[in-house]
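Colleague: To be precise about what I am sending: the file is called coords-v7.cif and holds mmCIF, C-alpha atoms.
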data_my_file
loop_
_atom_site.label_atom_id
_atom_site.label_comp_id
_atom_site.auth_asym_id
_atom_site.auth_seq_id
_atom_site.Cartn_x
_atom_site.Cartn_y
_atom_site.Cartn_z
CA MET C 1057 -25.20 19.91 47.83
CA LYS C 1058 -26.30 17.64 45.06
CA ILE C 1059 -29.94 16.87 44.29
CA SER C 1060 -30.48 13.15 43.70
CA THR C 1061 -32.50 11.59 40.89
CA LYS C 1062 -35.29 11.06 43.43
CA GLY C 1063 -35.61 14.82 43.93
CA ARG C 1064 -35.32 15.63 40.23
CA TYR C 1065 -37.84 12.94 39.30
CA ALA C 1066 -40.27 14.10 41.99
CA LEU C 1067 -40.29 17.55 40.41
CA ARG C 1068 -40.84 16.06 36.95
CA ILE C 1069 -43.70 13.89 38.24
CA MET C 1070 -45.38 16.84 39.94
CA ILE C 1071 -45.04 18.96 36.78
CA ASP C 1072 -46.46 16.12 34.68
CA LEU C 1073 -49.45 15.79 37.02
CA ALA C 1074 -50.08 19.53 36.77
CA GLN C 1075 -49.76 19.66 32.99
CA HIS C 1076 -52.03 16.67 32.35
CA ASP C 1077 -54.72 17.35 34.95
CA GLU C 1078 -58.10 16.94 33.32
CA GLY C 1079 -59.93 16.02 36.52
CA ASP C 1080 -59.31 12.27 36.31
CA ALA C 1081 -56.61 10.36 38.16
CA ILE C 1082 -53.50 9.87 36.04
CA PRO C 1083 -52.06 6.34 36.00
CA LEU C 1084 -48.39 5.98 36.90
CA LYS C 1085 -47.81 4.13 33.65
CA GLU C 1086 -48.75 7.23 31.63
CA ILE C 1087 -46.45 9.45 33.67
CA SER C 1088 -43.68 6.87 33.40
CA GLU C 1089 -43.96 6.77 29.61
CA ARG C 1090 -44.02 10.55 29.22
CA GLN C 1091 -41.17 11.18 31.67
CA GLY C 1092 -38.96 8.18 30.92
CA ILE C 1093 -38.92 7.15 34.59
CA THR C 1094 -39.29 3.47 35.45
CA LEU C 1095 -42.46 2.42 37.25
CA LYS C 1096 -40.32 0.79 39.93
CA TYR C 1097 -38.58 4.08 40.72
CA MET C 1098 -41.86 6.01 40.62
CA GLU C 1099 -43.33 3.54 43.12
CA GLN C 1100 -40.59 4.63 45.55
CA ILE C 1101 -41.29 8.34 45.04
CA MET C 1102 -45.10 8.41 45.05
CA PRO C 1103 -45.55 7.33 48.70
CA LEU C 1104 -43.33 10.25 49.77
CA LEU C 1105 -45.44 12.71 47.79
CA THR C 1106 -48.67 11.12 49.01
CA ARG C 1107 -47.66 11.15 52.70
CA ALA C 1108 -46.63 14.79 52.36
CA GLY C 1109 -50.15 15.56 51.09
CA TYR C 1110 -48.91 16.77 47.71
CA VAL C 1111 -50.80 14.17 45.67
CA ARG C 1112 -53.96 12.15 46.15
CA SER C 1113 -53.93 8.51 45.14
CA PHE C 1114 -56.86 6.55 43.78
CA ARG C 1115 -57.04 2.77 43.52
CA GLY C 1116 -58.90 0.55 41.08
CA ASN C 1117 -59.45 0.49 37.33
CA ASN C 1118 -59.48 4.26 37.08
CA GLY C 1119 -56.73 4.62 39.66
CA GLY C 1120 -53.81 6.95 39.57
CA TYR C 1121 -52.75 10.27 41.02
CA LEU C 1122 -53.85 13.89 41.10
CA LEU C 1123 -52.26 16.95 42.65
CA ALA C 1124 -53.90 17.78 45.97
CA LYS C 1125 -53.58 21.54 45.39
CA ASP C 1126 -53.08 24.08 42.64
CA PRO C 1127 -49.54 24.09 41.13
CA SER C 1128 -49.00 27.63 42.45
CA GLU C 1129 -49.28 26.29 46.02
CA TYR C 1130 -46.26 23.97 45.81
CA THR C 1131 -42.75 25.32 46.18
CA VAL C 1132 -39.75 23.55 44.74
CA GLY C 1133 -38.25 23.71 48.24
CA ASP C 1134 -41.12 21.76 49.78
CA ILE C 1135 -40.91 19.04 47.13
CA LEU C 1136 -37.13 18.74 47.33
CA ARG C 1137 -37.11 18.63 51.14
CA THR C 1138 -39.71 15.85 51.00
CA THR C 1139 -37.47 13.70 48.82
CA GLU C 1140 -34.00 14.92 49.81
CA GLY C 1141 -34.30 15.99 53.42
CA SER C 1142 -32.34 19.07 54.42
CA LEU C 1143 -30.90 21.27 51.68
CA ALA C 1144 -28.21 22.64 54.00
CA PRO C 1145 -24.82 22.82 52.25
CA ILE C 1146 -22.99 21.68 55.42
CA ALA C 1147 -24.07 19.38 58.25
CA CYS C 1148 -23.79 21.85 61.12
CA LEU C 1149 -26.53 24.02 59.62
CA GLU C 1150 -29.02 21.15 59.87
CA ASP C 1151 -29.21 21.63 63.66
CA SER C 1152 -31.16 24.53 65.07
CA PRO C 1153 -29.57 25.97 67.03
CA ASN C 1154 -26.22 25.17 65.48
CA ARG C 1155 -24.44 22.81 67.89
CA CYS C 1156 -21.05 22.81 66.19
CA GLU C 1157 -18.27 23.09 68.74
CA ARG C 1158 -16.37 25.44 66.41
CA LYS C 1159 -19.24 27.76 65.49
CA GLU C 1160 -17.92 30.67 67.60
CA GLU C 1161 -14.51 30.72 65.89
CA CYS C 1162 -15.51 29.41 62.45
CA LEU C 1163 -14.66 32.10 59.92
CA THR C 1164 -16.46 30.23 57.12
CA LEU C 1165 -19.80 29.83 58.93
CA PRO C 1166 -21.22 33.18 57.71
CA PHE C 1167 -20.45 32.14 54.13
CA TRP C 1168 -22.25 28.79 54.53
CA GLU C 1169 -25.20 30.48 56.25
CA GLY C 1170 -25.46 32.95 53.37
CA LEU C 1171 -25.33 30.18 50.79
CA TRP C 1172 -28.00 28.24 52.64
CA GLN C 1173 -30.20 31.34 52.81
CA ALA C 1174 -29.77 31.92 49.07
CA ILE C 1175 -30.68 28.29 48.36
CA ASN C 1176 -33.76 28.47 50.59
CA ASP C 1177 -34.87 31.81 49.14
CA TYR C 1178 -34.60 30.47 45.59
CA VAL C 1179 -36.25 27.07 46.07
CA ASP C 1180 -38.94 28.46 48.37
CA GLY C 1181 -39.60 31.36 46.00
CA THR C 1182 -40.14 29.09 42.99
CA THR C 1183 -43.43 27.24 42.54
CA LEU C 1184 -44.47 24.36 40.33
CA ASP C 1185 -46.46 26.91 38.37
CA ASP C 1186 -43.26 28.91 37.80
CA LEU C 1187 -41.54 25.82 36.40
CA ILE C 1188 -44.47 25.07 34.10
CA HIS C 1189 -44.65 28.60 32.74
CA GLY C 1190 -40.93 29.42 32.79
CA ILE C 1191 -39.06 31.02 35.65
CA LYS C 1192 -38.82 34.78 35.25
CA LYS C 1193 -36.65 35.68 38.24
#
Please rewrite the model in this file as structure tokens.
Modeller:
Amino acid sequence: MKISTKGRYALRIMIDLAQHDEGDAIPLKEISERQGITLKYMEQIMPLLTRAGYVRSFRGNNGGYLLAKDPSEYTVGDILRTTEGSLAPIACLEDSPNRCERKEECLTLPFWEGLWQAINDYVDGTTLDDLIHGIKK
């Protein structure tokens, strides 16, 4: 499993929105400058975060974005799944139930299931607030 720049940038954008929230919408240009992410790339990420209900968008002269909830209410797992899709380390774990024809005799399946559980536990147990204040796990 490898997290793409889209997933990494989405986390950085969400952290930036949390750290600079003063009640007014934050223009993409400001986030772009602080984070070193091109506006063009941010314009691909923001609709994903907006559709997921993670950010609210405002149009016009004072337009921009705000987090829809408190940073403690967002898990890293939710944000990454929004931008990356499944975080499963192997394809057969993406189906529920697992439809792999070899699942009954696969000696490695328990290992992959354990890895996937560890990934999910970690990303779902870490919030934006944790990232902002330093993970102490």
Colleague: Please evaluate the PyMOL selection byres ((chain C and resi 1111) around 10) against the structure above and give the resulting residues as an MDAnalysis selection string.
Modeller: chainID C and resid 1070 1073 1102:1110 1112:1114 1120:1125
Colleague: Expressed in Å to a single decimal, how great is the separation between atom CA of C:Val1179 and atom CA of C:Val1132?
Modeller: 5.1 Å
Colleague: What would the selection look like, as number ranges by chain, if the PyMOL selection byres ((chain C and resi 1062) around 9) were run on the coordinates I just shared?
Modeller: C: 1059-1061, 1063-1067, 1097-1098, 1100-1101, 1136, 1139-1140
Colleague: Got a sec to resolve the PyMOL selection byres ((chain C and resi 1187) around 12) on this structure and send the residues as a list in words?
Modeller: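 Selected by the PyMOL selection byres ((chain C and resi 1187) around 12) in this file: Leu1067, Arg1068, Met1070, Ile1071, Asp1072, Ala1074, Gln1075, Pro1127, Ser1128, Tyr1130, Thr1131, Val1132, Val1179, Gly1181, Thr1182, Thr1183, Leu1184, Asp1185, Asp1186, Ile1188, His1189, Gly1190, Ile1191, Lys1192 and Lys1193 of chain C.
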Colleague: Can you tell me, as a list in words, what residues are no more than 12 Å from C:Glu1169 when counting only C-alpha atoms, ignoring any on the same chain fewer than 2 positions away?
Modeller: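 After dropping sequence-adjacent residues, the list is Leu1143, Ala1144, Pro1145, Ile1146, Ala1147, Cys1148, Leu1149, Glu1150, Asn1154, Lys1159, Cys1162, Leu1163, Thr1164, Leu1165, Pro1166, Phe1167, Leu1171, Trp1172, Gln1173, Ala1174, Ile1175 and Asn1176 of chain C.
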Colleague: Atom CA of C:Thr1094 and atom CA of C:Met1057 are how many Å apart?
Modeller: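 About the pair atom CA of C:Thr1094 and atom CA of C:Met1057: they are 24.9 Å apart.
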Colleague: In file coordinates, which residues lie within 12 Å of (-46.0, 11.9, 28.4) using only C-alpha atoms, given as a PyMOL selection string?
Modeller: chain C and resi 1068-1069+1071-1073+1075-1076+1082-1093
Colleague: Give me, please, the distance in Å between atom CA of C:Asp1077 and atom CA of C:Asp1134, quoted to one decimal.
Modeller: 20.6 Å
